[in-house]
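Contents: one structure, followed by commentary.
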Amino acid sequence: LHVVVNFANVGATFGERVAHRAHSRFDYEGVRRCVRHLVEKGLSVIGVVYENFRAMDGCRPEVMTVPPDIRAMCESIELTPRITGFHQKSADDEMTIKCAYRRNCRFLDNDNYKEWLRFLKDEKVRTWLQSCQSILQMRYYFDTGLGTFDTLDGNLDPSFFEQAPATAALSSPSAAVGLVL
């Protein structure tokens with residue numbers, strides 16, 4: 001099973017809540033903990049991050065690329081282009097959604113995507129998001145006392161993603177639109 005991870009969301013959450021940074025909040029250490037956790041759960045990770053993204057990496061000097069150990073744990077890293085304009089301010093969110101749509105897989109981000117549910121230009125992707133977000137979007141938290149990462153899995157039976165009918169229903173984005181639980 002695959003999961004698309006919005007690195008900007010994860011890294012900023014860690015930087016703010018665990019590393020207690022006010023400025024330049026993003027920290028690859030949070031992404032590292034997230035990816036390690038997901039891989040240990042048997043998931044294949046596709047990371048989404050802005051290209052040429054300057055960020056902290058724990059106590060190490062600032063970096064301009066995804067650290068090699070994180071890259072090695074991921075199936076792929078998708079680089080979001082730097083786009084200017086008010087309507088493009090959350091290109092990483094749009095790319096996270098579209099990468100998950102193309103793979104018809106889960107995605108991890110604590111954003112609610114309210115604007116994307118209403119205004120995403122691609123109607124097929126918007127319909128997929130509207131009908132599958134509650135099932136496919138993974139939420140997470142960092143325990144601020146321990147610095148550990150974990151997902152908030154809710155009470156959906158984990159075998160849902162392994163059952164033959166569900167797998168068949170989720171095998172294509174168009175089939176997932178008709179999925180009713």
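Scheme for the structure tokens: letters A, B, ... for chains in order shown; per-chain residue numbers from 1; ligand numbers from 1 in order shown.
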- request: Show which residues sit within 12 Å of A:Lys121, as a PyMOL selection string. Count only C-alpha atoms, and ignore same-chain residues fewer than 5 positions away.
  value: chain A and resi 87+94+98+115-116+126-127
- request: Please provide the set of residues having any atom within 8 Å of A:Val18, restricted to only C-alpha atoms, with same-chain residues fewer than 5 positions apart removed, written as a ChimeraX atom specification.
  value: /A:13,142-145,147
Could you save the residues just selected, with all heavy atoms, as a compact mmCIF listing (two decimals), in the first residue's frame?
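Result file selection_10.txt:
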# COMPACT_ATOMS: atom_id res chain seq x y z
N THR A 13 4.92 20.99 11.39
CA THR A 13 4.28 20.60 12.65
C THR A 13 5.33 20.18 13.67
O THR A 13 5.28 20.58 14.83
CB THR A 13 3.27 19.45 12.41
OG1 THR A 13 2.27 19.90 11.50
CG2 THR A 13 2.62 19.01 13.71
N PHE A 142 2.48 14.49 16.72
CA PHE A 142 3.75 14.28 17.40
C PHE A 142 3.48 14.40 18.89
O PHE A 142 2.85 15.36 19.32
CB PHE A 142 4.80 15.33 16.99
CG PHE A 142 5.37 15.11 15.62
CD1 PHE A 142 4.88 15.81 14.53
CD2 PHE A 142 6.41 14.21 15.43
CE1 PHE A 142 5.40 15.61 13.27
CE2 PHE A 142 6.95 14.01 14.17
CZ PHE A 142 6.44 14.71 13.09
N ASP A 143 3.92 13.42 19.66
CA ASP A 143 3.85 13.52 21.11
C ASP A 143 4.92 14.52 21.51
O ASP A 143 6.11 14.25 21.38
CB ASP A 143 4.12 12.14 21.72
CG ASP A 143 4.00 12.14 23.23
OD1 ASP A 143 4.52 13.08 23.89
OD2 ASP A 143 3.42 11.18 23.77
N THR A 144 4.52 15.69 21.96
CA THR A 144 5.49 16.76 22.24
C THR A 144 6.42 16.43 23.39
O THR A 144 7.54 16.93 23.43
CB THR A 144 4.78 18.10 22.51
OG1 THR A 144 3.88 17.93 23.61
CG2 THR A 144 4.01 18.56 21.29
N GLY A 145 6.00 15.58 24.30
CA GLY A 145 6.86 15.20 25.42
C GLY A 145 7.95 14.22 25.00
O GLY A 145 9.08 14.28 25.48
N GLY A 147 8.47 13.40 21.47
CA GLY A 147 8.93 13.67 20.12
C GLY A 147 8.60 12.57 19.13
O GLY A 147 9.07 12.58 18.01
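Interatomic distance, atom CA of A:Arg102 to atom CA of A:Val125: 8.8 Å.
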Can you list, as an mmCIF file with all heavy atoms, in the first residue's frame, every protein, DNA or RNA residue that comes within 8 Å of stretch 32-35 of chain A when you count only C-alpha atoms, leaving out same-chain residues fewer than 4 positions away?
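Result file result19.cif:
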data_model
loop_
_atom_site.group_PDB
_atom_site.id
_atom_site.type_symbol
_atom_site.label_atom_id
_atom_site.label_comp_id
_atom_site.auth_asym_id
_atom_site.auth_seq_id
_atom_site.Cartn_x
_atom_site.Cartn_y
_atom_site.Cartn_z
ATOM 1 N N VAL A 10 4.169 18.014 7.626
ATOM 2 C CA VAL A 10 4.769 17.204 8.687
ATOM 3 C C VAL A 10 5.967 17.916 9.306
ATOM 4 O O VAL A 10 6.091 18.015 10.526
ATOM 5 C CB VAL A 10 5.173 15.813 8.154
ATOM 6 C CG1 VAL A 10 5.958 15.030 9.186
ATOM 7 C CG2 VAL A 10 3.942 15.033 7.711
ATOM 8 N N TYR A 28 13.432 18.620 8.928
ATOM 9 C CA TYR A 28 13.405 17.285 8.327
ATOM 10 C C TYR A 28 13.410 16.163 9.363
ATOM 11 O O TYR A 28 13.054 15.034 9.044
ATOM 12 C CB TYR A 28 14.572 17.106 7.354
ATOM 13 C CG TYR A 28 14.229 17.545 5.949
ATOM 14 C CD1 TYR A 28 14.872 18.627 5.362
ATOM 15 C CD2 TYR A 28 13.260 16.879 5.206
ATOM 16 C CE1 TYR A 28 14.558 19.036 4.077
ATOM 17 C CE2 TYR A 28 12.938 17.284 3.924
ATOM 18 C CZ TYR A 28 13.585 18.353 3.358
ATOM 19 O OH TYR A 28 13.264 18.754 2.085
ATOM 20 N N VAL A 39 6.958 3.405 7.046
ATOM 21 C CA VAL A 39 7.649 2.268 6.438
ATOM 22 C C VAL A 39 7.592 1.062 7.376
ATOM 23 O O VAL A 39 7.356 -0.068 6.936
ATOM 24 C CB VAL A 39 9.106 2.648 6.069
ATOM 25 C CG1 VAL A 39 9.922 1.426 5.698
ATOM 26 C CG2 VAL A 39 9.111 3.665 4.931
ATOM 27 N N VAL A 45 6.167 4.992 0.800
ATOM 28 C CA VAL A 45 5.975 6.434 0.924
ATOM 29 C C VAL A 45 6.383 7.179 -0.344
ATOM 30 O O VAL A 45 7.463 6.957 -0.887
ATOM 31 C CB VAL A 45 6.774 6.985 2.123
ATOM 32 C CG1 VAL A 45 6.677 8.502 2.208
ATOM 33 C CG2 VAL A 45 6.280 6.341 3.423
ATOM 34 N N ILE A 70 16.292 9.929 4.284
ATOM 35 C CA ILE A 70 14.849 10.034 4.067
ATOM 36 C C ILE A 70 14.524 9.605 2.640
ATOM 37 O O ILE A 70 13.599 8.826 2.403
ATOM 38 C CB ILE A 70 14.337 11.464 4.351
ATOM 39 C CG1 ILE A 70 14.520 11.803 5.831
ATOM 40 C CG2 ILE A 70 12.874 11.610 3.925
ATOM 41 C CD1 ILE A 70 14.217 13.243 6.189
ATOM 42 N N MET A 73 14.365 5.912 2.183
ATOM 43 C CA MET A 73 13.190 5.238 2.745
ATOM 44 C C MET A 73 11.947 5.407 1.876
ATOM 45 O O MET A 73 10.952 4.703 2.073
ATOM 46 C CB MET A 73 12.891 5.770 4.153
ATOM 47 C CG MET A 73 13.869 5.331 5.214
ATOM 48 S SD MET A 73 13.321 5.804 6.882
ATOM 49 C CE MET A 73 13.787 7.543 6.931
ATOM 50 N N CYS A 74 11.981 6.338 0.926
ATOM 51 C CA CYS A 74 10.806 6.651 0.106
ATOM 52 C C CYS A 74 10.858 5.945 -1.247
ATOM 53 O O CYS A 74 11.932 5.736 -1.809
ATOM 54 C CB CYS A 74 10.718 8.159 -0.148
ATOM 55 S SG CYS A 74 10.423 9.128 1.342
ATOM 56 N N THR A 148 7.755 11.615 19.546
ATOM 57 C CA THR A 148 7.417 10.498 18.672
ATOM 58 C C THR A 148 6.295 10.865 17.709
ATOM 59 O O THR A 148 5.461 11.728 17.996
ATOM 60 C CB THR A 148 6.999 9.265 19.487
ATOM 61 O OG1 THR A 148 5.916 9.629 20.348
ATOM 62 C CG2 THR A 148 8.170 8.745 20.314
ATOM 63 N N PHE A 149 6.276 10.192 16.579
ATOM 64 C CA PHE A 149 5.264 10.375 15.542
ATOM 65 C C PHE A 149 4.302 9.199 15.596
ATOM 66 O O PHE A 149 4.711 8.059 15.810
ATOM 67 C CB PHE A 149 5.937 10.411 14.161
ATOM 68 C CG PHE A 149 4.953 10.447 13.024
ATOM 69 C CD1 PHE A 149 4.530 11.660 12.504
ATOM 70 C CD2 PHE A 149 4.455 9.276 12.479
ATOM 71 C CE1 PHE A 149 3.611 11.688 11.463
ATOM 72 C CE2 PHE A 149 3.535 9.301 11.440
ATOM 73 C CZ PHE A 149 3.112 10.512 10.926
ATOM 74 N N ASP A 150 3.018 9.472 15.365
ATOM 75 C CA ASP A 150 2.055 8.394 15.224
ATOM 76 C C ASP A 150 0.889 8.889 14.379
ATOM 77 O O ASP A 150 0.639 10.084 14.273
ATOM 78 C CB ASP A 150 1.543 7.910 16.587
ATOM 79 C CG ASP A 150 1.106 6.449 16.563
ATOM 80 O OD1 ASP A 150 0.895 5.887 15.464
ATOM 81 O OD2 ASP A 150 0.976 5.869 17.650
#
- prompt: Using only C-alpha atoms, which of the listed residues (A:Met138, A:Cys132, A:Val63, A:Leu152) sits closest to A:Asp111?
  reply: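 The closest residue to A:Asp111 is A:Met138.
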message: If DSSP is run on the backbone, what residues of chain A are helix (DSSP H, G or I)? A reply as a VMD selection string would be ideal.
response: chain A and resid 7 to 17 28 to 40 68 to 73 86 to 88 91 to 103 114 to 119 123 to 136 158 to 161 164 to 169 173 to 177
Keeping only C-alpha atoms, write those residues as an mmCIF file, in the first residue's frame.
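Once everything was written out, this is part-v2.cif:
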data_model
loop_
_atom_site.group_PDB
_atom_site.id
_atom_site.type_symbol
_atom_site.label_atom_id
_atom_site.label_comp_id
_atom_site.auth_asym_id
_atom_site.auth_seq_id
_atom_site.Cartn_x
_atom_site.Cartn_y
_atom_site.Cartn_z
ATOM 1 C CA PHE A 7 6.493 16.835 3.846
ATOM 2 C CA ALA A 8 5.876 20.574 4.373
ATOM 3 C CA ASN A 9 2.948 19.886 6.688
ATOM 4 C CA VAL A 10 4.769 17.204 8.687
ATOM 5 C CA GLY A 11 8.068 19.087 8.953
ATOM 6 C CA ALA A 12 6.397 22.350 10.011
ATOM 7 C CA THR A 13 4.281 20.596 12.649
ATOM 8 C CA PHE A 14 7.381 18.960 14.139
ATOM 9 C CA GLY A 15 9.352 22.213 14.075
ATOM 10 C CA GLU A 16 6.604 24.115 15.853
ATOM 11 C CA ARG A 17 5.402 21.534 18.381
ATOM 12 C CA TYR A 28 13.405 17.285 8.327
ATOM 13 C CA GLU A 29 13.756 15.410 11.618
ATOM 14 C CA GLY A 30 9.948 15.331 11.806
ATOM 15 C CA VAL A 31 9.724 14.021 8.244
ATOM 16 C CA ARG A 32 12.333 11.373 9.105
ATOM 17 C CA ARG A 33 10.290 10.168 12.106
ATOM 18 C CA CYS A 34 7.113 10.147 10.035
ATOM 19 C CA VAL A 35 8.567 8.218 7.100
ATOM 20 C CA ARG A 36 10.296 5.703 9.366
ATOM 21 C CA HIS A 37 6.997 5.068 11.186
ATOM 22 C CA LEU A 38 5.042 4.588 7.952
ATOM 23 C CA VAL A 39 7.649 2.268 6.438
ATOM 24 C CA GLU A 40 7.660 0.201 9.649
ATOM 25 C CA PRO A 68 19.682 11.000 1.720
ATOM 26 C CA ASP A 69 18.406 8.742 4.525
ATOM 27 C CA ILE A 70 14.849 10.034 4.067
ATOM 28 C CA ARG A 71 15.106 9.749 0.277
ATOM 29 C CA ALA A 72 16.275 6.123 0.675
ATOM 30 C CA MET A 73 13.190 5.238 2.745
ATOM 31 C CA PHE A 86 -2.115 34.124 -4.841
ATOM 32 C CA HIS A 87 -4.028 31.244 -6.428
ATOM 33 C CA GLN A 88 -0.869 29.079 -6.304
ATOM 34 C CA ALA A 91 0.798 24.101 -4.688
ATOM 35 C CA ASP A 92 2.170 21.419 -2.350
ATOM 36 C CA ASP A 93 -1.363 20.649 -1.151
ATOM 37 C CA GLU A 94 -2.661 20.396 -4.712
ATOM 38 C CA MET A 95 0.244 18.169 -5.680
ATOM 39 C CA THR A 96 -0.297 15.920 -2.637
ATOM 40 C CA ILE A 97 -3.952 15.474 -3.625
ATOM 41 C CA LYS A 98 -3.164 14.824 -7.294
ATOM 42 C CA CYS A 99 -0.342 12.369 -6.522
ATOM 43 C CA ALA A 100 -2.715 10.409 -4.271
ATOM 44 C CA TYR A 101 -5.463 10.564 -6.919
ATOM 45 C CA ARG A 102 -3.182 9.234 -9.670
ATOM 46 C CA ARG A 103 -2.123 6.349 -7.419
ATOM 47 C CA LYS A 114 -11.699 22.857 2.536
ATOM 48 C CA GLU A 115 -10.809 25.117 -0.396
ATOM 49 C CA TRP A 116 -9.686 22.174 -2.512
ATOM 50 C CA LEU A 117 -12.982 20.366 -1.901
ATOM 51 C CA ARG A 118 -14.802 23.326 -3.447
ATOM 52 C CA PHE A 119 -12.417 24.909 -5.926
ATOM 53 C CA GLU A 123 -13.432 17.947 -11.702
ATOM 54 C CA LYS A 124 -12.445 14.261 -11.596
ATOM 55 C CA VAL A 125 -9.855 14.875 -8.887
ATOM 56 C CA ARG A 126 -12.258 17.108 -6.936
ATOM 57 C CA THR A 127 -15.008 14.454 -7.076
ATOM 58 C CA TRP A 128 -12.527 11.784 -5.950
ATOM 59 C CA LEU A 129 -11.413 13.974 -3.029
ATOM 60 C CA GLN A 130 -14.995 14.768 -2.021
ATOM 61 C CA SER A 131 -15.996 11.111 -1.981
ATOM 62 C CA CYS A 132 -12.813 9.525 -0.577
ATOM 63 C CA GLN A 133 -11.121 12.065 1.691
ATOM 64 C CA SER A 134 -12.652 10.724 4.896
ATOM 65 C CA ILE A 135 -11.394 7.229 4.079
ATOM 66 C CA LEU A 136 -8.040 7.917 2.435
ATOM 67 C CA PRO A 158 -7.644 -1.934 8.967
ATOM 68 C CA SER A 159 -8.547 -4.972 6.863
ATOM 69 C CA PHE A 160 -10.726 -2.631 4.777
ATOM 70 C CA PHE A 161 -7.688 -1.799 2.667
ATOM 71 C CA ALA A 164 -10.736 -8.047 -2.131
ATOM 72 C CA PRO A 165 -13.936 -5.964 -2.707
ATOM 73 C CA ALA A 166 -12.408 -2.846 -1.185
ATOM 74 C CA THR A 167 -9.184 -3.303 -3.104
ATOM 75 C CA ALA A 168 -11.160 -3.694 -6.295
ATOM 76 C CA ALA A 169 -13.222 -0.611 -5.489
ATOM 77 C CA PRO A 173 -10.017 6.630 -9.118
ATOM 78 C CA SER A 174 -13.235 6.334 -11.119
ATOM 79 C CA ALA A 175 -14.263 3.206 -9.190
ATOM 80 C CA ALA A 176 -13.458 4.852 -5.858
ATOM 81 C CA VAL A 177 -15.946 7.632 -6.583
#
- prompt: From the set A:Leu43, A:Gly58, A:Met64, A:Leu1, which residue has the shortest atom-to-atom contact distance to A:His20, counting only C-alpha atoms?
  reply: A:Gly58
task: Name the residues of stretch 57-170 of chain A that fall into strand (DSSP E or B) according to DSSP on the backbone, using the chain letters and numbers of this document, as an NGL selection string.
output: :A and (57 or 60-63 or 76-80 or 106-108 or 137-143 or 148-152)
message: If I take atom CA of A:Val49 and atom CA of A:Leu79, how far is one from the other in Å, to one decimal?
response: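 Separation between atom CA of A:Val49 and atom CA of A:Leu79: 5.3 Å.
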Atomic separation - atom CA of A:Leu108 relative to atom CA of A:Ser90, Å: 15.4 Å
- prompt: For A:Val48, which residue out of A:Val66, A:Asn112, A:Tyr141, A:Asp153 is the nearest one, using only C-alpha atoms?
  reply: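 That would be A:Val66, the residue with the smallest distance to A:Val48.
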